[in-house]
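Here is the structure we will look at.
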Amino acid sequence: MKLDRYRKYVRAGVTAFLVLAASMIFYYLLFHQTSVRTAFHNVLNILSPLIAALILAYVISPIINFIEQRIIARLFARHRKTQSVRCKKLVRALLILLTYVAMLFALYGLIATLIPELFSSIANIVSNFSNYANNIQDFATKVLANYPEMQQTADQYISTFSAKLSNWLTNDLMPMLRTFLLNLSGQLVNMVTFFKNILLGAIVAIYMLYNKESYIAKLKKAVYALLGLDHGNAVIRDCQYVNQEFSGFLVGKVIDSIIIGAICYLVTSLIGTPYALLVSVIIGVTNIIPFFGPFLGAVPCLLLILLIDPLQALYFLIFVVLLQQFDGNFLGPKILGETTGVSSFLIIISILIGGGFWGVFGMIIAVPVCAIICTVCRNFANRRLEKHHLPDDDAFYFHMDHIDPETRQAIPYQKKKIDEAEVFHFPGYRLRKALTKLATEESPVDAPYTPAKPSTEEKNSNSSDSDQK
């Protein structure tokens with residue numbers, strides 16, 4: 001009973017303490033930004049192996065799930081055998097090992113193939129740039145043969161541009177590459193730290209992948225212990241939705257980019273495009289970035305091919321346009337589906353914001369993050385509309401002027417002049433209006449005090465009391 005008696009005072013004290021602590025934290029964050037930023041970077045550096053492990057485990061987990069559920073499980077079901085716990089653990093360990101080996105071989109093959117070709121292509125462009133400029137000038141001369149004035153102007157621009165570009169390639173680009181290679185030795189400590197974090201993350205990711213069901217079960221157990229049944233179910237459902245959006249989009253985008261890169265390499269090899277492998281890898285990798293990725297990859301490839309063979313550059317441009325139309329209208333929807341539910345306008349805005357904050361990584365994760373935020377806002381708005389007994393269908397609000405407060409029906413839009421006294425009534429407007437009215441009313445504040453006169457009933461009662469006495 002005593003505890004119930006003082007419970008409200010305890011709550012008030014805890015609330016005051018939390019408000020005071022939050023105020024102090026806000027003050028420190030506001031006026032000590034440098035130290036906060038330094039501490040944040042230190043914590044981030046300490047947690048880098050764990051973050052790398054989480055990302056690596058999240059990326060590899062769908063591959064292992066696919067092989068276990070679609071291949072291994074079907075093989076056992078076909079032979080009418082059941083997997084023991086020991087067999088499942090052995091299969092999981094072998095799959096993790098094979099996945100790591102396959103990723104290392106793929107990374108090594110990509111680097112061993114692309115880096116030499118990249119440097120050889122740059123050296124080839126620098127050494128043969130005058131021939132490439134002549135090829136472009138001859139191509140422009142053939143195209144503009146019937147227009148002498150335009151041909152002369154084009155020749156002047158090509159000559160000026162080629163001279164400046166040749167000077168930049170010879171005097172700036174190659175020294176910059178040499179300086180970059182020399183500076184790599186100076187960044188040896190940072191490179192060692194980076195690879196150390198990746199190695200530790202890969203080791204931690206093995207344990208995460210091997211016992212992921214156990215860790216997920218313990219996390220769910222902790223959620224129910226802290227939040228109870230109803231809130232625990234809601235949190236777990238929300239996390240499952242977030243995982244569904246991220247994993248579905250990222251896995252589908254990687255598969256889509258691999259297919260696009262393979263198609264690009266096949267077609268460019270058939271039509272004889274220079275540097276077909278390098279161009280195809282650039283197109284495939286940049287295709288992971290939504291919306292802007294195809295343009296970011298096609299522009300440098302087009303300029304590279306234009307220097308060597310302008311006609312092949314024209315063929316490549318036509319092919320890339322057709323390829324992106326095929327990807328955007330057929331292949332992408334087939335793989336990804338219409339799961340995001342985000343408009344093109346919001347996709348562009350989210351990619352710009354994500355790229356501005358976190359670069360390429362932000363551009364990749366911008367779409368699923370935007371889809372989750374839109375889902376949160378949509379569900380919140382629908383609940384508020386349901387509370388006010390209003391429909392949540394977008395078609396109800398098309399071409400609407402306002403909603404009638406009595407019938408709850410949409411009034412069609414009509415062009416009219418709106419009085420300025422009827423607008424910008426913010427919350428608290430009526431209260432301020434009432435206070436203003438009270439302040440402007442004349443009240444006898446300074447009037448002298450006059451006692452109230454007794455009524456007739458009081459007089460009669462007083463006289464009867466006096467008679468009795």
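Ordered as shown in the structure tokens, chains take letters A, B, and onward, while each chain numbers its residues from 1 and ligands are numbered from 1 in the order shown.
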
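Close contacts of stretch 55-57 of chain A, defined as residues with an atom at most 7 Å away when counting only C-alpha atoms, with chain neighbours fewer than 5 positions off set aside, comprise Ala202, Ala205, Met208 and Leu209 of chain A.
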
Could you dump the residues just selected with N, CA, C and O atoms as a tab-separated table (two decimals), in the first residue's frame?
```tsv
chain	number	residue	atom	x	y	z
A	202	ALA	N	34.96	-11.56	-41.90
A	202	ALA	CA	34.68	-12.84	-42.56
A	202	ALA	C	34.68	-13.99	-41.56
A	202	ALA	O	33.86	-14.91	-41.65
A	205	ALA	N	31.53	-13.68	-39.50
A	205	ALA	CA	30.37	-14.03	-40.33
A	205	ALA	C	30.19	-15.54	-40.44
A	205	ALA	O	29.06	-16.02	-40.57
A	208	MET	N	28.25	-16.51	-37.45
A	208	MET	CA	26.87	-16.03	-37.59
A	208	MET	C	26.07	-16.92	-38.53
A	208	MET	O	24.91	-17.25	-38.25
A	209	LEU	N	26.67	-17.28	-39.66
A	209	LEU	CA	25.96	-18.11	-40.63
A	209	LEU	C	25.77	-19.54	-40.13
A	209	LEU	O	24.74	-20.17	-40.40
```

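Summary of the local environment: counting only C-alpha atoms, residues at most 12 Å from A:Leu110, other than itself and those fewer than 3 positions away along its chain, are Met103, Leu104, Phe105, Ala106, Leu107, Thr113, Leu114, Ile115, Pro116, Glu117, Leu118, Leu277, Leu278, Ser280, Val281, Ile282 and Val285 of chain A.
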
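Between A:Phe361 and the candidates A:Leu250, A:Gly109, A:Gln414, A:Gly201, the tightest atom-to-atom separation, counting only C-alpha atoms, involves A:Leu250.
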
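Atom CA of A:Ile96 is found 8.3 Å from atom CA of A:Ile60.
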
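Residue nearest A:Lys142, chosen from A:Gln83, A:Val423, A:Leu311, A:Val342 and counting only C-alpha atoms: A:Leu311.
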
For this session: Identify, on the basis of only C-alpha atoms, every residue whose closest approach to stretch 195-200 of chain A does not exceed 9 Å; exclude the query and any residue fewer than 4 positions from it along the same chain; express the result as a list of chain:residue names.
Result: A:Ser48, A:Pro49, A:Leu50, A:Ala52, A:Ala53, A:Asn190, A:Met191, A:Val204, A:Ala205

Problem set entry | Pick from A:Ser344, A:Thr99, A:Ser350, A:Thr286, whichever lies nearest to A:Asp256 using only C-alpha atoms | A:Thr286

Seminar exercise, completed: note - atom CA of A:Phe292 and atom CA of A:Phe194 are separated by 28.8 Å

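The space between atom CA of A:Val321 and atom CA of A:Ile283 spans 12.0 Å.
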
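Nearest to A:Pro391 of all the residues A:Met150, A:Ala410, A:Tyr58, A:Gly332 is A:Ala410, based on only C-alpha atoms.
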
For this session: Check stretch 282-353 of chain A with DSSP on the backbone and list each residue it calls alpha helix (DSSP H), as a VMD selection string.
Result: chain A and resid 282 to 286 293 to 308 310 to 326 332 to 336 344 to 353

Output the selection as a CSV table (one decimal), in the first residue's frame - C-alpha atoms for each residue.
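As written to disk, again_2.csv reads:
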```
chain,number,residue,atom,x,y,z
A,282,ILE,CA,31.1,-1.4,-66.1
A,283,ILE,CA,27.5,-1.7,-67.4
A,284,GLY,CA,26.7,-4.6,-65.1
A,285,VAL,CA,28.2,-3.1,-61.9
A,286,THR,CA,26.6,0.3,-62.4
A,293,GLY,CA,23.1,3.4,-62.8
A,294,PRO,CA,22.6,2.7,-66.5
A,295,PHE,CA,23.5,6.3,-67.4
A,296,LEU,CA,26.5,6.4,-65.1
A,297,GLY,CA,27.9,3.3,-66.8
A,298,ALA,CA,27.0,4.0,-70.4
A,299,VAL,CA,28.5,7.5,-70.6
A,300,PRO,CA,32.2,6.7,-69.9
A,301,CYS,CA,31.9,3.5,-72.0
A,302,LEU,CA,30.5,5.5,-74.9
A,303,LEU,CA,33.3,8.1,-74.7
A,304,LEU,CA,35.9,5.3,-74.6
A,305,ILE,CA,34.5,3.6,-77.7
A,306,LEU,CA,34.0,7.0,-79.5
A,307,LEU,CA,37.7,7.7,-79.3
A,308,ILE,CA,38.5,4.4,-81.0
A,310,PRO,CA,32.8,6.5,-83.8
A,311,LEU,CA,30.6,4.1,-85.8
A,312,GLN,CA,31.0,1.4,-83.1
A,313,ALA,CA,30.1,4.0,-80.5
A,314,LEU,CA,26.8,4.7,-82.4
A,315,TYR,CA,26.1,0.9,-82.5
A,316,PHE,CA,26.9,0.7,-78.8
A,317,LEU,CA,24.6,3.7,-78.0
A,318,ILE,CA,21.7,2.0,-79.9
A,319,PHE,CA,22.3,-1.3,-78.1
A,320,VAL,CA,22.5,0.3,-74.6
A,321,VAL,CA,19.2,2.1,-75.2
A,322,LEU,CA,17.5,-1.2,-76.3
A,323,LEU,CA,19.1,-3.1,-73.4
A,324,GLN,CA,17.9,-0.6,-70.8
A,325,GLN,CA,14.4,-0.7,-72.3
A,326,PHE,CA,14.5,-4.5,-72.1
A,332,GLY,CA,13.5,-5.9,-64.0
A,333,PRO,CA,9.8,-6.3,-63.3
A,334,LYS,CA,10.0,-10.1,-63.8
A,335,ILE,CA,12.8,-10.4,-61.2
A,336,LEU,CA,12.0,-7.7,-58.8
A,344,SER,CA,9.5,7.2,-59.8
A,345,PHE,CA,9.6,10.7,-58.3
A,346,LEU,CA,10.3,9.4,-54.8
A,347,ILE,CA,12.9,7.0,-56.2
A,348,ILE,CA,14.8,9.9,-57.8
A,349,ILE,CA,14.6,11.9,-54.6
A,350,SER,CA,15.7,9.0,-52.4
A,351,ILE,CA,18.7,8.2,-54.7
A,352,LEU,CA,19.8,11.8,-54.7
A,353,ILE,CA,19.6,12.1,-50.9
```
